[in-house]
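Structure file my_file.txt (compact mmCIF, C-alpha atoms) follows.
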```
# COMPACT_ATOMS: atom_id res chain seq x y z
CA MET A 140 34.74 17.09 -30.00
CA LEU A 141 34.53 16.95 -26.22
CA GLY A 142 34.62 13.19 -26.07
CA THR A 143 33.55 9.94 -27.65
CA VAL A 144 30.58 9.13 -25.41
CA THR A 145 27.50 8.90 -27.65
CA GLN A 146 24.73 8.67 -25.07
CA VAL A 147 23.79 10.14 -21.73
CA PRO A 148 24.49 7.56 -19.00
CA LEU A 149 21.82 6.68 -16.51
CA ARG A 150 22.54 6.51 -12.82
CA PRO A 151 23.53 2.91 -12.05
CA ALA A 152 20.72 2.68 -9.48
CA VAL A 153 18.20 3.71 -12.12
CA ALA A 154 19.61 1.46 -14.82
CA HIS A 155 19.21 -1.54 -12.53
CA LEU A 156 15.89 -0.71 -10.91
CA PRO A 157 13.50 -3.64 -10.57
CA ALA A 158 10.39 -3.10 -12.65
CA TYR A 159 7.16 -2.24 -10.89
CA VAL A 160 4.68 -4.68 -12.40
CA PRO A 161 1.08 -3.41 -12.36
CA GLY A 162 -1.86 -5.75 -12.13
CA ALA A 163 -3.11 -7.00 -15.48
CA ARG A 164 -5.84 -4.94 -17.09
CA VAL A 165 -8.97 -6.34 -18.70
CA PRO A 166 -8.52 -6.14 -22.50
CA VAL A 167 -10.96 -3.87 -24.30
CA GLY A 168 -14.10 -5.78 -25.15
CA ALA A 169 -13.18 -8.78 -22.99
CA ALA A 170 -15.40 -10.19 -20.26
CA ALA A 171 -13.26 -10.77 -17.18
CA PHE A 172 -13.03 -9.90 -13.51
CA LYS A 173 -10.02 -7.79 -12.53
CA LEU A 174 -8.67 -9.08 -9.22
CA SER A 175 -5.07 -8.07 -9.88
CA SER A 176 -4.64 -4.54 -8.46
CA ASN A 177 -6.33 -4.44 -5.01
CA GLU A 178 -8.86 -1.92 -6.27
CA ASN A 179 -12.19 -1.19 -4.65
CA PRO A 180 -14.73 -3.09 -6.80
CA TYR A 181 -17.44 -0.46 -6.24
CA PRO A 182 -17.84 2.58 -8.52
CA PRO A 183 -17.59 6.06 -7.00
CA LEU A 184 -20.51 7.37 -4.99
CA ALA A 185 -22.79 9.85 -6.79
CA SER A 186 -21.72 12.59 -4.36
CA VAL A 187 -18.05 11.94 -5.16
CA VAL A 188 -18.72 11.93 -8.91
CA ALA A 189 -20.50 15.28 -8.53
CA ALA A 190 -17.49 16.72 -6.70
CA ILE A 191 -15.19 15.44 -9.45
CA CYS A 192 -17.33 17.01 -12.17
CA ASP A 193 -17.47 20.34 -10.35
CA ALA A 194 -13.70 20.33 -9.78
CA ALA A 195 -13.03 19.52 -13.43
CA GLN A 196 -14.28 23.01 -14.33
CA ASP A 197 -11.11 24.45 -12.76
CA VAL A 198 -8.41 22.24 -14.27
CA ASN A 199 -6.95 25.26 -16.09
CA ARG A 200 -5.80 26.48 -12.67
CA TYR A 201 -3.09 25.11 -10.43
CA PRO A 202 -4.42 23.28 -7.37
CA ASP A 203 -3.88 24.44 -3.81
CA MET A 204 -0.23 23.51 -3.42
CA TYR A 205 -0.61 22.40 0.19
CA ALA A 206 -4.09 20.90 -0.18
CA THR A 207 -5.08 23.09 2.76
CA GLU A 208 -8.76 22.19 3.00
CA LEU A 209 -8.10 18.49 2.53
CA THR A 210 -5.23 18.53 5.02
CA GLU A 211 -7.46 20.16 7.63
CA ALA A 212 -10.25 17.64 6.94
CA ILE A 213 -7.88 14.68 7.29
CA ALA A 214 -6.49 16.12 10.52
CA ALA A 215 -9.99 16.62 11.92
CA ASP A 216 -10.97 13.09 10.94
CA LEU A 217 -7.90 11.61 12.64
CA GLY A 218 -7.78 13.95 15.61
CA VAL A 219 -4.32 15.35 14.86
CA ASP A 220 -2.88 18.80 14.16
CA PRO A 221 -3.02 19.84 10.47
CA ALA A 222 0.71 20.55 10.72
CA GLN A 223 1.19 16.79 11.06
CA VAL A 224 -0.44 15.89 7.73
CA VAL A 225 1.33 15.88 4.36
CA THR A 226 -0.55 14.94 1.19
CA GLY A 227 0.86 13.51 -2.03
CA THR A 228 0.03 11.61 -5.18
CA GLY A 229 -0.74 8.33 -3.48
CA SER A 230 1.07 6.87 -0.51
CA VAL A 231 3.76 5.60 -2.89
CA ALA A 232 4.80 9.14 -3.79
CA VAL A 233 4.54 10.18 -0.15
CA LEU A 234 6.93 7.36 0.76
CA ASN A 235 9.40 8.71 -1.79
CA HIS A 236 9.18 12.14 -0.18
CA VAL A 237 9.64 10.62 3.29
CA LEU A 238 12.84 8.90 2.20
CA ASP A 239 14.06 12.01 0.40
CA ALA A 240 13.62 13.93 3.65
CA VAL A 241 15.60 11.60 5.91
CA VAL A 242 17.88 9.30 3.89
CA ASN A 243 21.38 10.15 2.71
CA ALA A 244 23.44 8.36 0.08
CA LYS A 245 24.62 4.93 1.24
CA ASP A 246 22.30 4.89 4.24
CA GLU A 247 20.39 1.66 4.80
CA VAL A 248 16.64 1.12 4.70
CA VAL A 249 15.27 -2.10 6.22
CA TYR A 250 12.08 -3.51 4.74
CA PRO A 251 10.24 -6.85 4.67
CA TRP A 252 10.30 -9.08 1.61
CA ARG A 253 8.18 -10.16 -0.06
CA SER A 254 6.29 -6.96 0.53
CA PHE A 255 5.16 -3.92 -1.45
CA GLU A 256 7.20 -4.03 -4.64
CA ALA A 257 7.70 -0.25 -4.70
CA TYR A 258 9.96 -0.48 -1.65
CA PRO A 259 13.20 -1.51 -3.39
CA ILE A 260 12.51 1.05 -6.12
CA ALA A 261 11.94 3.89 -3.65
CA VAL A 262 15.03 2.94 -1.66
CA ALA A 263 17.27 2.83 -4.74
CA LEU A 264 16.00 6.19 -5.99
CA ALA A 265 16.81 7.66 -2.57
CA HIS A 266 20.46 6.60 -3.15
CA ALA A 267 20.14 4.24 -0.19
CA GLU A 268 20.93 0.56 0.23
CA GLY A 269 18.02 -1.76 0.80
CA VAL A 270 18.13 -4.43 3.50
CA PRO A 271 15.30 -6.87 2.71
CA VAL A 272 14.23 -9.19 5.53
CA PRO A 273 12.25 -12.31 4.56
CA VAL A 274 8.67 -12.57 5.80
CA ARG A 275 7.78 -15.68 7.77
CA ASP A 276 6.29 -18.77 6.17
CA ASP A 277 2.85 -17.74 7.46
CA GLY A 278 3.08 -14.44 5.58
CA ARG A 279 3.66 -12.35 8.72
CA LEU A 280 6.44 -9.80 9.01
CA ASP A 281 9.42 -11.04 11.02
CA LEU A 282 9.81 -7.93 13.15
CA PRO A 283 12.50 -9.40 15.45
CA ALA A 284 14.61 -10.14 12.38
CA MET A 285 13.96 -6.64 11.06
CA ALA A 286 15.06 -5.15 14.37
CA ALA A 287 18.19 -7.31 14.27
CA ALA A 288 18.94 -6.01 10.76
CA VAL A 289 19.24 -2.41 12.02
CA THR A 290 22.82 -1.13 12.02
CA PRO A 291 24.44 2.27 12.66
CA ARG A 292 23.89 2.97 8.94
CA THR A 293 20.13 2.36 9.10
CA ARG A 294 17.99 5.46 8.59
CA ALA A 295 14.54 3.95 8.09
CA VAL A 296 12.55 0.78 8.70
CA LEU A 297 9.48 0.16 6.53
CA VAL A 298 6.61 -1.77 8.11
CA CYS A 299 3.82 -2.72 5.72
CA THR A 300 0.72 -3.56 7.73
CA PRO A 301 -1.32 -5.31 6.49
CA ASN A 302 1.50 -6.65 4.38
CA ASN A 303 1.07 -6.47 0.63
CA PRO A 304 0.89 -9.09 -0.88
CA THR A 305 0.65 -11.67 1.94
CA GLY A 306 -2.15 -10.04 3.99
CA PRO A 307 -1.44 -10.33 7.76
CA ALA A 308 -1.27 -7.21 9.90
CA VAL A 309 1.35 -6.43 12.54
CA ARG A 310 0.11 -6.82 16.09
CA ALA A 311 0.51 -4.27 18.85
CA ASP A 312 2.95 -6.27 20.98
CA GLU A 313 5.13 -7.03 17.93
CA LEU A 314 5.34 -3.37 16.97
CA ALA A 315 6.00 -2.28 20.55
CA HIS A 316 8.96 -4.66 20.74
CA LEU A 317 10.32 -3.40 17.41
CA LEU A 318 10.13 0.22 18.57
CA GLU A 319 11.94 -0.69 21.78
CA GLN A 320 14.80 -2.13 19.71
CA VAL A 321 15.08 0.58 17.03
CA PRO A 322 17.10 3.70 17.98
CA GLY A 323 15.21 6.96 18.20
CA ASN A 324 17.15 8.45 15.26
CA VAL A 325 15.87 5.74 12.90
CA LEU A 326 12.56 6.45 11.19
CA VAL A 327 9.88 3.73 11.41
CA VAL A 328 7.33 4.03 8.60
CA LEU A 329 3.99 2.35 9.25
CA ASP A 330 2.51 1.82 5.78
CA GLU A 331 -1.22 1.40 6.41
CA ALA A 332 -2.67 1.52 2.89
CA TYR A 333 -5.26 -1.13 3.84
CA VAL A 334 -5.99 -0.13 7.43
CA GLU A 335 -9.75 0.27 6.89
CA PHE A 336 -10.05 -3.44 6.08
CA VAL A 337 -8.37 -4.61 9.31
CA ARG A 338 -10.53 -6.50 11.80
CA ASP A 339 -7.85 -8.09 14.01
CA PRO A 340 -8.45 -6.65 17.51
CA ASP A 341 -4.78 -7.03 18.43
CA VAL A 342 -3.39 -4.54 15.91
CA PRO A 343 -1.89 -1.27 17.19
CA ASP A 344 -3.51 2.14 17.02
CA ALA A 345 -0.93 3.74 14.73
CA LEU A 346 -1.84 7.29 15.70
CA ALA A 347 -1.42 6.47 19.39
CA VAL A 348 1.94 4.91 18.55
CA LEU A 349 2.90 8.07 16.66
CA ALA A 350 1.93 10.20 19.66
CA LYS A 351 4.29 8.16 21.84
CA HIS A 352 7.19 7.73 19.40
CA PRO A 353 8.53 10.82 17.56
CA ASN A 354 10.42 8.62 15.06
CA VAL A 355 7.21 7.12 13.59
CA VAL A 356 5.49 8.17 10.36
CA VAL A 357 2.13 6.75 9.27
CA LEU A 358 1.21 6.41 5.58
CA ARG A 359 -2.39 6.11 4.37
CA THR A 360 -4.26 6.46 1.10
CA PHE A 361 -7.62 7.21 -0.50
CA SER A 362 -6.94 4.62 -3.23
CA LYS A 363 -8.28 1.48 -1.57
CA ALA A 364 -11.14 1.83 0.91
CA TYR A 365 -12.23 5.17 -0.55
CA GLY A 366 -12.09 3.96 -4.16
CA LEU A 367 -10.00 6.82 -5.58
CA ALA A 368 -7.15 4.77 -7.04
CA GLY A 369 -7.34 6.65 -10.33
CA LEU A 370 -6.92 10.08 -8.71
CA ARG A 371 -3.79 9.39 -6.63
CA VAL A 372 -4.31 10.90 -3.20
CA GLY A 373 -2.34 9.70 -0.20
CA PHE A 374 -0.89 11.24 2.93
CA ALA A 375 1.59 10.94 5.74
CA VAL A 376 1.00 11.72 9.42
CA ALA A 377 4.10 12.64 11.44
CA ARG A 378 5.36 14.93 14.17
CA PRO A 379 5.31 18.55 12.88
CA ARG A 380 9.07 18.81 12.42
CA LEU A 381 9.22 15.63 10.34
CA ALA A 382 6.06 16.58 8.48
CA ALA A 383 7.62 19.92 7.52
CA GLY A 384 10.64 18.12 6.12
CA ILE A 385 8.48 15.72 4.13
CA ARG A 386 6.41 18.64 2.84
CA ALA A 387 9.57 20.44 1.74
CA ALA A 388 10.64 17.37 -0.25
CA SER A 389 7.24 16.94 -1.91
CA THR A 390 6.40 17.66 -5.53
CA PRO A 391 4.87 21.14 -5.85
CA PHE A 392 1.15 21.03 -6.71
CA GLY A 393 1.32 17.24 -6.49
CA VAL A 394 -2.31 16.48 -5.65
CA SER A 395 -4.68 17.71 -8.35
CA HIS A 396 -7.67 19.90 -7.56
CA VAL A 397 -9.92 17.08 -8.78
CA GLY A 398 -8.20 14.66 -6.42
CA GLN A 399 -8.47 17.05 -3.49
CA MET A 400 -12.18 17.65 -4.02
CA ALA A 401 -12.89 13.93 -4.51
CA ALA A 402 -11.05 13.09 -1.29
CA LEU A 403 -12.97 15.77 0.60
CA ALA A 404 -16.27 14.42 -0.73
CA SER A 405 -15.18 10.92 0.27
CA LEU A 406 -14.46 12.02 3.83
CA ARG A 407 -17.92 13.58 4.00
CA ALA A 408 -19.37 10.25 2.82
CA LYS A 409 -17.09 8.17 5.05
CA ASP A 410 -19.84 6.18 6.77
CA GLU A 411 -21.36 5.16 3.45
CA LEU A 412 -17.99 4.16 2.05
CA LEU A 413 -17.11 2.14 5.13
CA GLU A 414 -20.31 0.14 4.63
CA ARG A 415 -18.81 -0.89 1.29
CA VAL A 416 -15.56 -1.77 3.04
CA GLU A 417 -17.49 -4.06 5.35
CA SER A 418 -18.99 -5.81 2.32
CA VAL A 419 -15.47 -6.39 0.98
CA VAL A 420 -14.40 -7.76 4.37
CA GLN A 421 -17.32 -10.20 4.31
CA GLU A 422 -16.40 -11.29 0.80
CA ARG A 423 -12.80 -11.74 1.93
CA SER A 424 -14.02 -14.10 4.66
CA ARG A 425 -16.00 -16.05 2.07
CA MET A 426 -12.97 -16.35 -0.20
CA LEU A 427 -10.68 -17.47 2.62
CA ALA A 428 -13.21 -20.01 3.89
CA GLY A 429 -13.78 -21.39 0.42
CA LEU A 430 -10.07 -21.84 -0.22
CA ARG A 431 -9.51 -23.53 3.13
CA VAL A 432 -12.36 -25.96 2.58
CA GLN A 433 -10.56 -26.98 -0.61
CA GLY A 434 -7.40 -27.67 1.42
CA TRP A 435 -5.41 -24.53 0.71
CA THR A 436 -3.14 -23.10 3.42
CA VAL A 437 -3.55 -19.33 3.18
CA PRO A 438 -2.56 -16.53 5.58
CA ASP A 439 -5.17 -14.65 7.59
CA SER A 440 -5.57 -11.57 5.41
CA GLU A 441 -6.49 -8.24 6.99
CA ALA A 442 -6.49 -6.44 3.64
CA ASN A 443 -8.68 -6.54 0.54
CA PHE A 444 -6.76 -9.42 -0.99
CA VAL A 445 -5.80 -13.02 -0.31
CA TRP A 446 -2.39 -14.66 -0.80
CA LEU A 447 -1.84 -18.10 -2.29
CA PRO A 448 1.76 -19.23 -1.55
CA LEU A 449 2.17 -21.24 -4.76
CA GLY A 450 5.91 -20.83 -5.24
CA GLU A 451 6.99 -21.93 -8.70
CA ARG A 452 3.38 -22.70 -9.69
CA ALA A 453 2.29 -19.05 -9.36
CA THR A 454 2.49 -18.20 -13.05
CA ALA A 455 0.66 -21.36 -14.08
CA PHE A 456 -2.18 -20.58 -11.68
CA ALA A 457 -2.47 -17.02 -13.00
CA GLN A 458 -2.64 -18.29 -16.55
CA GLU A 459 -5.39 -20.76 -15.67
CA ALA A 460 -7.31 -18.03 -13.86
CA THR A 461 -7.04 -15.75 -16.89
CA ARG A 462 -8.44 -18.45 -19.14
CA ALA A 463 -11.39 -18.74 -16.75
CA GLY A 464 -12.02 -14.98 -16.83
CA VAL A 465 -10.31 -13.84 -13.62
CA LEU A 466 -7.18 -11.67 -13.68
CA VAL A 467 -4.94 -12.17 -10.62
CA ARG A 468 -1.44 -10.96 -9.76
CA PRO A 469 1.31 -13.59 -9.86
CA PHE A 470 4.68 -13.02 -8.17
CA ALA A 471 6.90 -15.49 -9.98
CA GLY A 472 8.49 -17.99 -7.62
CA ASP A 473 6.50 -16.81 -4.60
CA GLY A 474 2.74 -16.84 -4.97
CA VAL A 475 -0.42 -15.24 -6.27
CA ARG A 476 -2.30 -12.28 -4.82
CA VAL A 477 -6.04 -12.25 -5.43
CA SER A 478 -7.94 -9.02 -4.80
CA VAL A 479 -11.38 -9.29 -3.26
CA GLY A 480 -14.02 -8.20 -5.74
CA GLU A 481 -17.54 -9.08 -6.72
CA PRO A 482 -19.18 -12.24 -5.33
CA GLU A 483 -19.36 -13.58 -8.90
CA ALA A 484 -15.60 -13.15 -9.20
CA THR A 485 -15.05 -15.06 -5.96
CA ALA A 486 -17.14 -17.93 -7.32
CA VAL A 487 -15.02 -18.15 -10.47
CA LEU A 488 -11.79 -17.87 -8.49
CA LEU A 489 -12.82 -20.72 -6.19
CA GLU A 490 -13.63 -22.89 -9.22
CA VAL A 491 -10.17 -22.23 -10.62
CA ALA A 492 -8.52 -22.93 -7.27
CA GLU A 493 -10.37 -26.23 -6.85
CA SER A 494 -9.47 -27.34 -10.38
CA PHE A 495 -5.83 -26.34 -9.88
CA ARG A 496 -5.46 -28.51 -6.77
CA ARG A 497 -6.52 -31.69 -8.55
```

The structure given in the file should be rewritten as structure tokens.
Amino acid sequence: MLGTVTQVPLRPAVAHLPAYVPGARVPVGAAAFKLSSNENPYPPLASVVAAICDAAQDVNRYPDMYATELTEAIAADLGVDPAQVVTGTGSVAVLNHVLDAVVNAKDEVVYPWRSFEAYPIAVALAHAEGVPVPVRDDGRLDLPAMAAAVTPRTRAVLVCTPNNPTGPAVRADELAHLLEQVPGNVLVVLDEAYVEFVRDPDVPDALAVLAKHPNVVVLRTFSKAYGLAGLRVGFAVARPRLAAGIRAASTPFGVSHVGQMAALASLRAKDELLERVESVVQERSRMLAGLRVQGWTVPDSEANFVWLPLGERATAFAQEATRAGVLVRPFAGDGVRVSVGEPEATAVLLEVAESFRR
């Protein structure tokens, strides 16, 4: 016998990873509105469904490893060089590849909290040490505090804008000040998964920021505004040298052929899809206004969700919403995130919120 150990040990970082909690799903046969996962409430366009069906005929073949046609289409849409675009299976996976490309063991990664719950998981899997910085009471990122948290060991700063789950977006002057404070050898990741829903005129143009600052990477996705959450297509935009490193760290053949073709069809139908985004934005305004009339204090969301800072009452609210037929996403001890969905769902949610305040 070579030893007495009877099981393969897990890495300590893996054994102690926080769980990623997905939004609750509607049980089979149940009648409920799903407002728990920030999904686009609209079904795919007919043109996108047709592209998916056509692409499904080739699933016996490996996809284009570098998603060449899609990468070129994204670059043309954004006005950047194709060498700057790296695709992956959702912006979450792309974030993992970004960290793999730049972070060494024991390096530090600064991120806001509460923010996207994949951040501490991605940081731990990159063998790095997370430095969470509390968001402000109004749900906005505290960028001065994040800048102050940067040390000689810091290799990346994650900026979620709009912030998931609280909703506000970073403003141009705030980001400019952060970039003035962060050394040029520290990567600043602008996570813009919800950028298409932003209407605040004071937010930065992330691609212009990238053009000025070589240490910036922008993350975006087809999951939200484009309604392709089930196909997992996201991408990073970076300077070519950084993009090449991220591409080298990416999973081979990561984005399926079906996903690539669906994303291409979505870009061709961009104007039609953005009309749907505008409908979601209008419904967001209705939800926010309705909650504020009831007396709720809620952040100004620039995403496709609204945040209720309920603290210890978050779980109780989610349970009451479920009983009423609306699934929301509670974050125990912090609050509840409510995705913007159908107008009928908003009506039910507002009834629950009014009842809960009594």

Using all atoms of region 378-395 of chain A listed in the file and a margin of 5 Å per side, can you give the axis-aligned box centre and edge lengths in Å to one decimal, as lines of an AutoDock Vina configuration file?
```
center_x = 3.0
center_y = 18.0
center_z = 2.9
size_x = 25.3
size_y = 16.2
size_z = 32.5
```

### Query
What is the distance, in Å and to one decimal place, between CA of Gly450 (chain A) and CA of Tyr159 (chain A)?
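So the two atoms, CA of Gly450 (chain A) and CA of Tyr159 (chain A), lie 19.5 Å apart.
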
### Task
Check the smallest atom-to-atom distance from each of A:Leu447, A:Ala401, A:Val487, A:Ala377 to Asp277 (chain A) using only C-alpha atoms, then report the winner.
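Of A:Leu447, A:Ala401, A:Val487, A:Ala377, the one nearest Asp277 (chain A) is A:Leu447, counting only C-alpha atoms.
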
#### Entry: Exercise: region 193-199 of chain A partners within 8 Å, all atoms listed in the file, chain neighbours under 4 positions left out, as a list of chain:residue names
A:Ala189, A:His396, A:Val397, A:Met400

### Query
Hey, what's within 12 Å of Lys173 (chain A) if we count all atoms listed in the file and toss same-chain stuff fewer than 5 positions away? As number ranges by chain, please?
A: 161-166, 178-180, 457, 460-461, 463-468, 476-481, 483-485, 487-488

### Message
I'd like the neighbourhood of region 433-439 of chain A as a list in words, where a residue qualifies if any of its atoms comes within 9 Å (using only C-alpha atoms), though same-chain residues fewer than 5 positions away should be ignored.
### Response
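Close residues of region 433-439 of chain A: Asp277, Gly278, Arg279, Thr305, Gly306, Pro307, Ala308, Leu427, Ala428, Val445, Trp446, Leu447, Pro448, Leu489, Ala492, Glu493 and Arg496 of chain A.
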
### Query
Near Thr300 (chain A), counting only C-alpha atoms, which residues have an atom at most 12 Å away, once you skip same-chain residues fewer than 5 positions from it, shown as a ChimeraX atom specification?
/A:250-251,254-255,278-282,305-311,313-314,328-337,339,342-345,357-359,440-442

### Query
Nearest to Val233 (chain A): which of A:Gly429, A:Pro482, A:Gly373, A:Pro469 is it, counting all atoms listed in the file?
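Using all atoms listed in the file, the shortest distance to Val233 (chain A) belongs to A:Gly373.
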
### Message
Would you pick out the contacts of Glu319 (chain A) at 12 Å or less, using only C-alpha atoms, so that residues sharing its chain but fewer than 6 positions from it are not included, and give the list as number ranges by chain?
### Response
A: 282-283, 286-287, 312-313, 325, 327, 348, 351-352, 354

For the residues in the current selection, export C-alpha atoms as a CSV table (one decimal), in the coordinates of the input.
```
chain,number,residue,atom,x,y,z
A,282,LEU,CA,9.8,-7.9,13.2
A,283,PRO,CA,12.5,-9.4,15.4
A,286,ALA,CA,15.1,-5.2,14.4
A,287,ALA,CA,18.2,-7.3,14.3
A,312,ASP,CA,3.0,-6.3,21.0
A,313,GLU,CA,5.1,-7.0,17.9
A,325,VAL,CA,15.9,5.7,12.9
A,327,VAL,CA,9.9,3.7,11.4
A,348,VAL,CA,1.9,4.9,18.6
A,351,LYS,CA,4.3,8.2,21.8
A,352,HIS,CA,7.2,7.7,19.4
A,354,ASN,CA,10.4,8.6,15.1
```

Provide region 306-324 of chain A rebuilt to N, CA, C and O atoms, formatted as an mmCIF file, in the frame of the given file.
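Just written: rebuild-v5.cif:
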```cif
data_model
loop_
_atom_site.group_PDB
_atom_site.id
_atom_site.type_symbol
_atom_site.label_atom_id
_atom_site.label_comp_id
_atom_site.auth_asym_id
_atom_site.auth_seq_id
_atom_site.Cartn_x
_atom_site.Cartn_y
_atom_site.Cartn_z
ATOM 1 N N GLY A 306 -0.884 -10.275 3.302
ATOM 2 C CA GLY A 306 -2.150 -10.040 3.990
ATOM 3 C C GLY A 306 -2.166 -9.843 5.488
ATOM 4 O O GLY A 306 -2.988 -9.067 5.987
ATOM 5 N N PRO A 307 -1.348 -10.522 6.308
ATOM 6 C CA PRO A 307 -1.440 -10.330 7.760
ATOM 7 C C PRO A 307 -1.047 -8.923 8.195
ATOM 8 O O PRO A 307 -0.239 -8.257 7.533
ATOM 9 N N ALA A 308 -1.607 -8.503 9.312
ATOM 10 C CA ALA A 308 -1.270 -7.210 9.900
ATOM 11 C C ALA A 308 -0.362 -7.405 11.109
ATOM 12 O O ALA A 308 -0.423 -8.430 11.794
ATOM 13 N N VAL A 309 0.478 -6.416 11.364
ATOM 14 C CA VAL A 309 1.350 -6.430 12.540
ATOM 15 C C VAL A 309 0.501 -6.231 13.783
ATOM 16 O O VAL A 309 -0.459 -5.454 13.791
ATOM 17 N N ARG A 310 0.845 -6.937 14.833
ATOM 18 C CA ARG A 310 0.110 -6.820 16.090
ATOM 19 C C ARG A 310 0.807 -5.838 17.039
ATOM 20 O O ARG A 310 1.995 -5.553 16.909
ATOM 21 N N ALA A 311 0.031 -5.355 17.986
ATOM 22 C CA ALA A 311 0.510 -4.270 18.850
ATOM 23 C C ALA A 311 1.761 -4.662 19.630
ATOM 24 O O ALA A 311 2.711 -3.875 19.739
ATOM 25 N N ASP A 312 1.793 -5.875 20.188
ATOM 26 C CA ASP A 312 2.950 -6.270 20.980
ATOM 27 C C ASP A 312 4.195 -6.418 20.098
ATOM 28 O O ASP A 312 5.307 -6.086 20.516
ATOM 29 N N GLU A 313 4.005 -6.902 18.859
ATOM 30 C CA GLU A 313 5.130 -7.030 17.930
ATOM 31 C C GLU A 313 5.732 -5.671 17.605
ATOM 32 O O GLU A 313 6.959 -5.487 17.602
ATOM 33 N N LEU A 314 4.858 -4.706 17.320
ATOM 34 C CA LEU A 314 5.340 -3.370 16.970
ATOM 35 C C LEU A 314 6.003 -2.698 18.163
ATOM 36 O O LEU A 314 7.043 -2.038 18.021
ATOM 37 N N ALA A 315 5.421 -2.874 19.348
ATOM 38 C CA ALA A 315 6.000 -2.280 20.550
ATOM 39 C C ALA A 315 7.419 -2.787 20.781
ATOM 40 O O ALA A 315 8.335 -2.018 21.112
ATOM 41 N N HIS A 316 7.617 -4.086 20.570
ATOM 42 C CA HIS A 316 8.960 -4.660 20.740
ATOM 43 C C HIS A 316 9.916 -4.099 19.697
ATOM 44 O O HIS A 316 11.076 -3.781 20.021
ATOM 45 N N LEU A 317 9.459 -3.966 18.443
ATOM 46 C CA LEU A 317 10.320 -3.400 17.410
ATOM 47 C C LEU A 317 10.754 -1.985 17.796
ATOM 48 O O LEU A 317 11.941 -1.639 17.692
ATOM 49 N N LEU A 318 9.815 -1.166 18.241
ATOM 50 C CA LEU A 318 10.130 0.220 18.570
ATOM 51 C C LEU A 318 11.046 0.321 19.782
ATOM 52 O O LEU A 318 11.810 1.286 19.908
ATOM 53 N N GLU A 319 10.993 -0.661 20.662
ATOM 54 C CA GLU A 319 11.940 -0.690 21.780
ATOM 55 C C GLU A 319 13.362 -0.949 21.298
ATOM 56 O O GLU A 319 14.328 -0.472 21.905
ATOM 57 N N GLN A 320 13.488 -1.720 20.209
ATOM 58 C CA GLN A 320 14.800 -2.130 19.710
ATOM 59 C C GLN A 320 15.415 -1.101 18.749
ATOM 60 O O GLN A 320 16.641 -1.026 18.616
ATOM 61 N N VAL A 321 14.577 -0.342 18.054
ATOM 62 C CA VAL A 321 15.080 0.580 17.030
ATOM 63 C C VAL A 321 15.484 1.905 17.685
ATOM 64 O O VAL A 321 14.701 2.488 18.442
ATOM 65 N N PRO A 322 16.674 2.410 17.393
ATOM 66 C CA PRO A 322 17.100 3.700 17.980
ATOM 67 C C PRO A 322 16.168 4.836 17.581
ATOM 68 O O PRO A 322 15.526 4.809 16.522
ATOM 69 N N GLY A 323 16.116 5.848 18.435
ATOM 70 C CA GLY A 323 15.210 6.960 18.200
ATOM 71 C C GLY A 323 15.543 7.805 16.984
ATOM 72 O O GLY A 323 14.708 8.583 16.516
ATOM 73 N N ASN A 324 16.778 7.687 16.451
ATOM 74 C CA ASN A 324 17.150 8.450 15.260
ATOM 75 C C ASN A 324 16.894 7.681 13.969
ATOM 76 O O ASN A 324 17.306 8.117 12.889
#
```
